[in-house]
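Have a look at data-v5.csv below; it lists CSV, C-alpha atoms.
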```csv
chain,number,residue,atom,x,y,z
A,54,ASN,CA,34.7,-52.4,110.9
A,55,VAL,CA,37.6,-53.7,112.9
A,56,ARG,CA,36.2,-56.3,115.4
A,57,GLY,CA,39.5,-56.9,117.2
A,58,SER,CA,43.0,-58.4,117.0
A,59,VAL,CA,44.4,-61.9,117.4
A,60,GLY,CA,47.2,-62.2,119.9
A,61,THR,CA,50.0,-59.7,120.3
A,62,VAL,CA,52.1,-58.0,117.6
A,63,ASP,CA,54.4,-60.7,116.1
A,64,HIS,CA,55.8,-61.9,112.8
A,65,TYR,CA,52.8,-64.0,111.5
A,66,LEU,CA,53.3,-66.0,108.3
A,67,TRP,CA,50.5,-67.8,106.4
A,68,PRO,CA,47.8,-67.6,109.1
A,69,ARG,CA,44.8,-69.9,108.4
A,70,LEU,CA,41.5,-70.3,110.2
A,71,SER,CA,40.4,-73.8,111.1
A,72,PRO,CA,37.2,-75.0,109.4
A,73,ASN,CA,35.3,-74.8,112.8
A,74,GLU,CA,36.7,-71.2,113.0
A,75,GLU,CA,37.9,-71.7,116.6
A,76,LEU,CA,41.7,-72.0,115.9
A,77,LEU,CA,44.3,-70.2,113.9
A,78,ALA,CA,47.4,-71.9,112.5
A,79,PHE,CA,50.4,-69.9,111.5
A,80,VAL,CA,54.1,-70.0,111.1
A,81,GLY,CA,56.2,-67.8,113.3
A,82,GLY,CA,59.8,-66.9,112.3
A,83,GLU,CA,61.5,-66.0,109.1
A,84,PHE,CA,60.0,-66.1,105.6
A,85,PHE,CA,61.0,-69.5,104.2
A,86,GLY,CA,63.7,-69.5,106.9
A,87,ALA,CA,64.1,-70.8,110.5
A,88,SER,CA,60.5,-70.9,111.9
A,89,SER,CA,58.0,-72.8,114.0
A,90,LEU,CA,54.4,-73.9,113.6
A,91,TRP,CA,51.9,-72.4,116.1
A,92,VAL,CA,48.2,-72.6,116.8
A,93,THR,CA,46.2,-69.9,118.6
A,94,ASP,CA,42.8,-70.7,120.2
A,95,LEU,CA,40.6,-67.9,119.2
A,96,ARG,CA,38.2,-68.5,122.2
A,97,ASP,CA,40.7,-67.7,124.9
A,98,GLY,CA,43.8,-66.4,123.1
A,99,ARG,CA,46.0,-69.3,124.3
A,100,ARG,CA,48.9,-70.0,121.9
A,101,VAL,CA,50.6,-73.4,121.5
A,102,ARG,CA,53.8,-74.2,119.7
A,103,LEU,CA,53.4,-77.4,117.7
A,104,SER,CA,57.0,-77.8,116.4
A,105,ASP,CA,59.6,-78.9,118.9
A,106,ARG,CA,62.6,-77.5,117.1
A,107,GLU,CA,63.5,-74.6,114.8
A,108,SER,CA,63.1,-75.8,111.2
A,109,SER,CA,61.4,-74.3,108.2
A,110,PHE,CA,57.6,-74.4,107.7
A,111,ALA,CA,55.3,-72.9,105.2
A,112,PHE,CA,51.6,-72.8,104.1
A,113,PRO,CA,49.8,-74.7,106.9
A,114,VAL,CA,46.4,-76.1,105.9
A,115,TRP,CA,43.7,-77.8,108.0
A,116,THR,CA,41.8,-81.0,107.5
A,117,ALA,CA,38.0,-80.7,107.5
A,118,ASP,CA,37.7,-81.9,111.1
A,119,SER,CA,40.0,-79.1,112.4
A,120,ARG,CA,42.2,-81.7,114.2
A,121,ARG,CA,45.2,-82.0,111.8
A,122,ILE,CA,47.5,-79.6,110.0
A,123,VAL,CA,49.6,-80.3,106.9
A,124,THR,CA,52.5,-77.9,106.2
A,125,GLY,CA,55.4,-77.7,103.9
A,126,CYS,CA,58.6,-78.2,105.9
A,127,ARG,CA,62.4,-78.3,105.5
A,128,VAL,CA,64.1,-80.7,107.8
A,129,ARG,CA,67.9,-81.2,107.6
A,130,ALA,CA,68.0,-79.6,104.1
A,131,SER,CA,65.3,-82.0,102.9
A,132,LEU,CA,62.0,-80.7,101.5
A,133,ARG,CA,59.0,-82.6,102.7
A,134,LEU,CA,55.4,-82.5,104.0
A,135,CYS,CA,54.7,-82.5,107.7
A,136,ILE,CA,51.5,-83.7,109.3
A,137,LYS,CA,50.7,-82.7,112.8
A,138,SER,CA,47.7,-84.0,114.9
A,139,LEU,CA,46.3,-81.8,117.7
A,140,ASP,CA,44.9,-84.8,119.5
A,141,ASP,CA,48.1,-86.3,120.8
A,142,GLY,CA,51.6,-85.3,121.7
A,143,ALA,CA,53.3,-87.3,119.0
A,144,ASP,CA,55.9,-85.7,116.8
A,145,MET,CA,55.0,-84.6,113.3
A,146,LYS,CA,54.6,-87.3,110.7
A,147,ILE,CA,57.0,-86.5,107.9
A,148,VAL,CA,56.1,-87.6,104.4
A,149,LYS,CA,58.8,-87.1,101.8
A,150,LEU,CA,57.3,-86.5,98.4
A,151,SER,CA,59.8,-84.6,96.3
A,152,GLU,CA,63.2,-82.9,96.0
A,153,ASN,CA,61.3,-79.8,95.1
A,154,TRP,CA,59.7,-77.2,97.4
A,155,ILE,CA,56.1,-78.1,98.2
A,156,LEU,CA,53.3,-75.5,98.8
A,157,PRO,CA,50.2,-77.0,100.4
A,158,GLY,CA,46.9,-75.6,99.2
A,159,SER,CA,43.8,-77.4,100.4
A,160,ILE,CA,42.7,-80.8,101.8
A,161,LEU,CA,39.5,-82.3,100.3
A,162,ARG,CA,36.6,-83.2,102.6
A,163,ASP,CA,37.7,-86.8,102.6
A,164,GLY,CA,40.5,-85.7,104.9
A,165,LYS,CA,43.2,-87.4,102.9
A,166,THR,CA,43.5,-85.8,99.5
A,167,LEU,CA,45.9,-82.9,99.5
A,168,ILE,CA,45.9,-80.4,96.6
A,169,TYR,CA,49.2,-78.6,96.5
A,170,ALA,CA,51.7,-76.8,94.2
A,171,GLU,CA,55.2,-78.1,93.5
A,172,GLN,CA,58.1,-76.2,92.1
A,173,PHE,CA,59.7,-78.0,89.2
A,174,PRO,CA,63.0,-76.5,87.9
A,175,ALA,CA,62.1,-77.0,84.2
A,176,THR,CA,58.4,-76.0,84.2
A,177,GLY,CA,57.7,-73.8,87.2
A,178,THR,CA,55.1,-74.4,89.9
A,179,ASP,CA,52.4,-77.0,88.9
A,180,LEU,CA,49.2,-78.2,90.5
A,181,MET,CA,49.4,-81.6,92.1
A,182,SER,CA,47.4,-84.0,94.4
A,183,VAL,CA,48.4,-86.8,96.7
A,184,ASP,CA,46.7,-89.3,99.1
A,185,LEU,CA,48.1,-88.6,102.5
A,186,SER,CA,46.7,-91.8,103.9
A,187,SER,CA,48.8,-94.0,101.7
A,188,THR,CA,51.9,-95.6,103.2
A,189,ARG,CA,53.7,-94.8,99.9
A,190,PRO,CA,52.0,-91.7,98.6
A,191,ILE,CA,52.3,-91.1,94.8
A,192,PRO,CA,51.8,-87.5,93.6
A,193,LYS,CA,49.5,-87.0,90.7
A,194,LEU,CA,49.8,-84.1,88.3
A,195,ILE,CA,46.5,-82.1,88.0
A,196,GLY,CA,47.5,-79.3,85.7
A,197,ARG,CA,50.7,-78.1,84.0
A,198,ARG,CA,50.8,-74.8,82.2
A,199,ASN,CA,53.3,-72.1,81.4
A,200,GLY,CA,54.5,-70.2,84.4
A,201,ASN,CA,53.5,-70.8,88.0
A,202,GLN,CA,50.2,-71.8,89.6
A,203,GLU,CA,50.0,-71.2,93.3
A,204,ASN,CA,47.6,-70.1,96.2
A,205,ILE,CA,45.4,-73.1,95.6
A,206,GLN,CA,42.0,-73.2,97.2
A,207,VAL,CA,39.4,-76.0,96.7
A,208,SER,CA,35.7,-75.1,96.7
A,209,PRO,CA,33.6,-76.5,99.6
A,210,ASP,CA,31.9,-79.0,97.3
A,211,GLY,CA,35.3,-80.2,96.0
A,212,ARG,CA,34.5,-79.5,92.4
A,213,TRP,CA,36.7,-76.4,91.6
A,214,LEU,CA,40.2,-75.2,92.2
A,215,ALA,CA,40.9,-71.5,92.5
A,216,TYR,CA,44.5,-70.3,92.2
A,217,TYR,CA,46.6,-67.6,90.7
A,218,SER,CA,48.8,-68.1,87.6
A,219,ASP,CA,51.3,-65.9,86.0
A,220,GLU,CA,51.1,-67.6,82.6
A,221,SER,CA,49.8,-64.3,81.0
A,222,GLY,CA,52.7,-62.3,82.3
A,223,SER,CA,50.8,-61.0,85.4
A,224,ARG,CA,49.3,-62.9,88.3
A,225,GLU,CA,45.6,-63.5,87.7
A,226,ILE,CA,43.0,-65.6,89.5
A,227,TYR,CA,41.7,-68.7,87.6
A,228,VAL,CA,39.3,-71.5,88.4
A,229,ARG,CA,39.5,-75.0,87.0
A,230,PRO,CA,37.9,-78.5,87.8
A,231,THR,CA,39.6,-80.6,90.4
A,232,SER,CA,39.2,-83.6,88.1
A,233,GLY,CA,42.3,-82.5,86.1
A,234,VAL,CA,40.4,-81.4,83.0
A,235,ALA,CA,42.5,-78.7,81.3
A,236,GLN,CA,39.7,-76.1,81.0
A,237,GLN,CA,40.1,-73.0,83.1
A,238,TRP,CA,38.3,-69.7,83.6
A,239,GLN,CA,40.0,-66.4,84.3
A,240,ILE,CA,38.3,-64.6,87.2
A,241,SER,CA,40.4,-61.4,87.6
A,242,SER,CA,41.4,-58.9,84.9
A,243,ALA,CA,43.9,-56.6,86.6
A,244,GLY,CA,45.9,-58.9,88.8
A,245,GLY,CA,44.9,-60.9,91.8
A,246,ILE,CA,46.2,-63.2,94.6
A,247,GLN,CA,44.9,-65.1,97.6
A,248,PRO,CA,41.6,-66.6,96.4
A,249,ARG,CA,39.2,-67.7,99.2
A,250,TRP,CA,35.8,-69.4,98.8
A,251,THR,CA,32.8,-68.4,101.0
A,252,ARG,CA,29.1,-69.1,101.3
A,253,GLY,CA,29.4,-72.8,100.4
A,254,GLY,CA,31.3,-72.0,97.2
A,255,ARG,CA,28.8,-69.4,95.9
A,256,GLU,CA,31.4,-66.5,96.4
A,257,LEU,CA,35.1,-66.2,95.7
A,258,LEU,CA,37.1,-63.4,97.3
A,259,PHE,CA,40.6,-62.3,96.2
A,260,ALA,CA,43.0,-59.4,96.7
A,261,ALA,CA,43.5,-57.3,93.5
A,262,SER,CA,46.8,-55.7,92.6
A,263,ASN,CA,45.5,-52.2,93.1
A,264,GLY,CA,44.7,-52.9,96.8
A,265,ASP,CA,41.0,-53.7,96.5
A,266,LEU,CA,39.4,-56.7,98.0
A,267,MET,CA,37.2,-58.2,95.3
A,268,SER,CA,34.1,-60.5,95.4
A,269,VAL,CA,32.9,-62.8,92.6
A,270,GLU,CA,29.4,-64.4,92.7
A,271,VAL,CA,29.4,-68.0,91.5
A,272,LEU,CA,26.3,-69.1,89.7
A,273,ASP,CA,24.5,-72.4,89.8
A,274,GLY,CA,24.9,-74.8,86.9
A,275,PRO,CA,26.6,-78.0,85.7
A,276,GLY,CA,29.7,-76.1,84.7
A,277,PHE,CA,31.5,-73.1,86.2
A,278,ARG,CA,29.8,-69.7,85.7
A,279,SER,CA,30.3,-66.5,87.6
A,280,LYS,CA,29.4,-62.8,87.5
A,281,ALA,CA,32.0,-60.1,87.0
A,282,ALA,CA,34.2,-59.3,90.0
A,283,GLU,CA,33.0,-56.4,92.2
A,284,THR,CA,35.0,-54.3,94.7
A,285,LEU,CA,34.2,-54.7,98.4
A,286,PHE,CA,36.6,-52.2,99.8
A,287,ARG,CA,40.2,-51.0,99.7
A,288,LEU,CA,42.6,-53.0,101.9
A,289,PRO,CA,44.6,-50.9,104.4
A,290,GLU,CA,47.9,-51.8,102.7
A,291,GLN,CA,48.9,-52.6,99.1
A,292,PRO,CA,48.9,-56.5,98.8
A,293,GLU,CA,51.9,-58.4,97.6
A,294,VAL,CA,52.6,-62.1,97.1
A,295,ASP,CA,54.7,-62.4,100.3
A,296,ARG,CA,52.5,-59.8,102.1
A,297,PRO,CA,48.9,-60.3,100.9
A,298,ILE,CA,47.2,-58.4,103.7
A,299,PHE,CA,44.0,-60.4,103.1
A,300,GLU,CA,44.7,-63.8,104.6
A,301,ASP,CA,41.4,-65.7,105.3
A,302,VAL,CA,37.7,-65.4,105.6
A,303,THR,CA,34.9,-67.1,107.6
A,304,ALA,CA,32.7,-69.6,105.8
A,305,ASP,CA,29.7,-67.1,105.8
A,306,GLY,CA,31.9,-64.4,104.2
A,307,GLU,CA,31.1,-61.9,107.0
A,308,ARG,CA,34.5,-61.8,108.9
A,309,LEU,CA,37.9,-61.3,107.3
A,310,LEU,CA,41.3,-62.1,108.7
A,311,LEU,CA,43.8,-59.4,107.7
A,312,LYS,CA,47.5,-59.3,108.5
A,313,VAL,CA,48.3,-55.5,108.6
A,314,PRO,CA,51.9,-54.3,109.2
A,315,THR,CA,52.3,-52.1,112.3
A,316,ILE,CA,54.6,-49.9,110.3
A,317,PRO,CA,52.9,-48.9,107.0
A,318,SER,CA,54.9,-49.6,103.9
A,319,SER,CA,54.1,-46.0,102.8
A,320,THR,CA,56.5,-44.7,105.5
A,321,PHE,CA,59.4,-46.4,103.8
A,322,GLY,CA,61.1,-44.8,100.7
A,323,PHE,CA,64.4,-44.0,99.0
A,324,ARG,CA,66.4,-40.7,99.0
A,325,LEU,CA,68.9,-39.8,96.4
A,326,VAL,CA,71.9,-37.8,97.7
A,327,THR,CA,73.9,-36.0,95.0
A,328,ASN,CA,77.3,-34.5,95.4
A,329,TRP,CA,77.8,-36.7,98.5
A,330,SER,CA,81.6,-36.4,98.3
A,331,ALA,CA,81.2,-32.8,99.6
A,332,LEU,CA,79.9,-34.3,102.9
A,333,LEU,CA,83.1,-36.2,103.6
A,334,GLU,CA,85.6,-34.7,106.0
A,335,GLN,CA,88.4,-33.0,104.1
A,336,PRO,CA,91.9,-34.3,104.7
A,337,LYS,CA,94.0,-32.1,106.9
A,338,GLY,CA,97.1,-30.6,105.3
A,339,ASP,CA,100.7,-31.3,106.4
```
How would this structure read if it were set down as structure tokens?
Amino acid sequence: NVRGSVGTVDHYLWPRLSPNEELLAFVGGEFFGASSLWVTDLRDGRRVRLSDRESSFAFPVWTADSRRIVTGCRVRASLRLCIKSLDDGADMKIVKLSENWILPGSILRDGKTLIYAEQFPATGTDLMSVDLSSTRPIPKLIGRRNGNQENIQVSPDGRWLAYYSDESGSREIYVRPTSGVAQQWQISSAGGIQPRWTRGGRELLFAASNGDLMSVEVLDGPGFRSKAAETLFRLPEQPEVDRPIFEDVTADGERLLLKVPTIPSSTFGFRLVTNWSALLEQPKGD
């Protein structure tokens, strides 16, 4: 059941609920283009712009205390990480880590370890970690496999990484240890994006390629074990990587944040016009 909407109709990119579920961070603007970082207070609907100039932001993530946001940013053609505190009016702290595009995923409960994806020209997008509290942060490679690994989400206990990988030729959901051990478990079987943990890490949700929202029950044990994925319901629109529809979920798994287009994609299509030259105005004779 639809419980309500957040704010007015706008171009929302990568919206994420804060851990205390009182705030919503999102990027407003063009997809990987000129944009700004915003926060909406879900208690009163007030919206605050956190970036003081048009730049390029992507994939905002929250620290566990809901007081800081880390986001990928492009400033003066340089690719970096930006860190913004909600407790003061200071400018964003900019940490330059790489010449490659950086896609933040999750921050561990220690408030300083960021798990993210980085695009390398030679190998694709790989899983990385970095200590944001360091004055000279040194990225650490967690996992490198064929293809791209993105949409990273860390389980609440910090033990597991959920993400999608296209190493098999299609995007599927996988889980692997945060320790960097190479073992991984495939969760989806017919495509999936946007993994999200709920219920203290006992449930994993994701959007399937066919438009279903899927749920996976995670079992207790020293290693990772789970039941087969089950369908919860059909999403109102077909999900895509740059338009996943399913964006976030509350910690108890009871409320979902969906980003639904006001104009359904089903209303768009192509028409083939044959013998189109007959529609042109015939030239007049002398």
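We find CA of Phe85 (chain A) and CA of Ile155 (chain A) to be spaced 11.6 Å apart.
Ranking A:Pro113, A:Pro174, A:Gly200, A:Pro230 by their shortest atom-to-atom distance to Phe79 (chain A), with all atoms listed in the file included, puts A:Pro113 first.
Of the listed residues (A:Trp250, A:Ala261, A:Gly274, A:Thr315), A:Ala261 comes nearest to Pro297 (chain A); the distances count only C-alpha atoms.
With distances restricted to only C-alpha atoms, A:Ser71 is the closest residue to Asp301 (chain A) from A:Asn153, A:Ser223, A:Ser218, A:Ser71.
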Out of A:Ser242, A:Pro209, A:Ala282, A:Gly253, which residue has the shortest atom-to-atom distance to Ser221 (chain A) when counting all atoms listed in the file?
A:Ser242
Need to verify the contact set: Pro292 (chain A), 9 Å, all atoms listed in the file, exclusion of same-chain residues closer than 4 positions in sequence. Can you return it as a PyMOL selection string?
chain A and resi 246+260-265+288+296-299
Counting only C-alpha atoms, closest pick from A:Val80, A:Ala281, A:Ile205, A:Leu70 relative to Ser119 (chain A) is A:Leu70
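Checking A:Ala111, A:Glu83, A:Val59, A:Asn73 one by one against Leu95 (chain A), counting all atoms listed in the file, you find the shortest gap at A:Val59.
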For Gly177 (chain A), work out the shell of residues within 9 Å, counting only C-alpha atoms and skipping chain neighbours fewer than 3 positions away, then give it as a CSV table (one decimal) with C-alpha atoms, in the coordinates of the input.
```csv
chain,number,residue,atom,x,y,z
A,171,GLU,CA,55.2,-78.1,93.5
A,172,GLN,CA,58.1,-76.2,92.1
A,173,PHE,CA,59.7,-78.0,89.2
A,174,PRO,CA,63.0,-76.5,87.9
A,197,ARG,CA,50.7,-78.1,84.0
A,198,ARG,CA,50.8,-74.8,82.2
A,199,ASN,CA,53.3,-72.1,81.4
A,200,GLY,CA,54.5,-70.2,84.4
A,201,ASN,CA,53.5,-70.8,88.0
A,202,GLN,CA,50.2,-71.8,89.6
```
Point-to-point distance from CA of Ala170 (chain A) to CA of Val228 (chain A), Å rounded to tenths
14.7 Å
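The environment of Tyr227 (chain A) within 9 Å, counting only C-alpha atoms and disregarding residues fewer than 3 places along the same chain, consists of Leu214, Ala215, Tyr216, Tyr217, Ser218, Gln237, Trp238, Gln239, Ile240 and Ser241 of chain A.
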So how many Å separate CA of Glu256 (chain A) and CA of Thr116 (chain A), to one decimal?
21.0 Å
When you look at Met145 (chain A) with a cut-off of 10 Å (counting all atoms listed in the file), what residues show up, excluding the ones that are within fewer than 6 positions of it in the same chain? I need them as a short mmCIF file (atom, residue, chain, number, x, y, z; two decimals) with C-alpha atoms, in the frame of the given file.
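result-v4.cif written:
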```cif
data_model
loop_
_atom_site.label_atom_id
_atom_site.label_comp_id
_atom_site.auth_asym_id
_atom_site.auth_seq_id
_atom_site.Cartn_x
_atom_site.Cartn_y
_atom_site.Cartn_z
CA LEU A 103 53.40 -77.40 117.70
CA SER A 104 57.00 -77.80 116.40
CA ASP A 105 59.60 -78.90 118.90
CA ILE A 122 47.50 -79.60 110.00
CA VAL A 123 49.60 -80.30 106.90
CA LEU A 134 55.40 -82.50 104.00
CA CYS A 135 54.70 -82.50 107.70
CA ILE A 136 51.50 -83.70 109.30
CA LYS A 137 50.70 -82.70 112.80
CA SER A 138 47.70 -84.00 114.90
#
```
Taking (49.7, -88.6, 99.3) in the coordinates of the supplied file, I want to know which residues reach to within 10 Å of it, counting all atoms listed in the file; could you give the answer as a VMD selection string?
chain A and resid 134 148 to 150 165 to 168 182 to 193
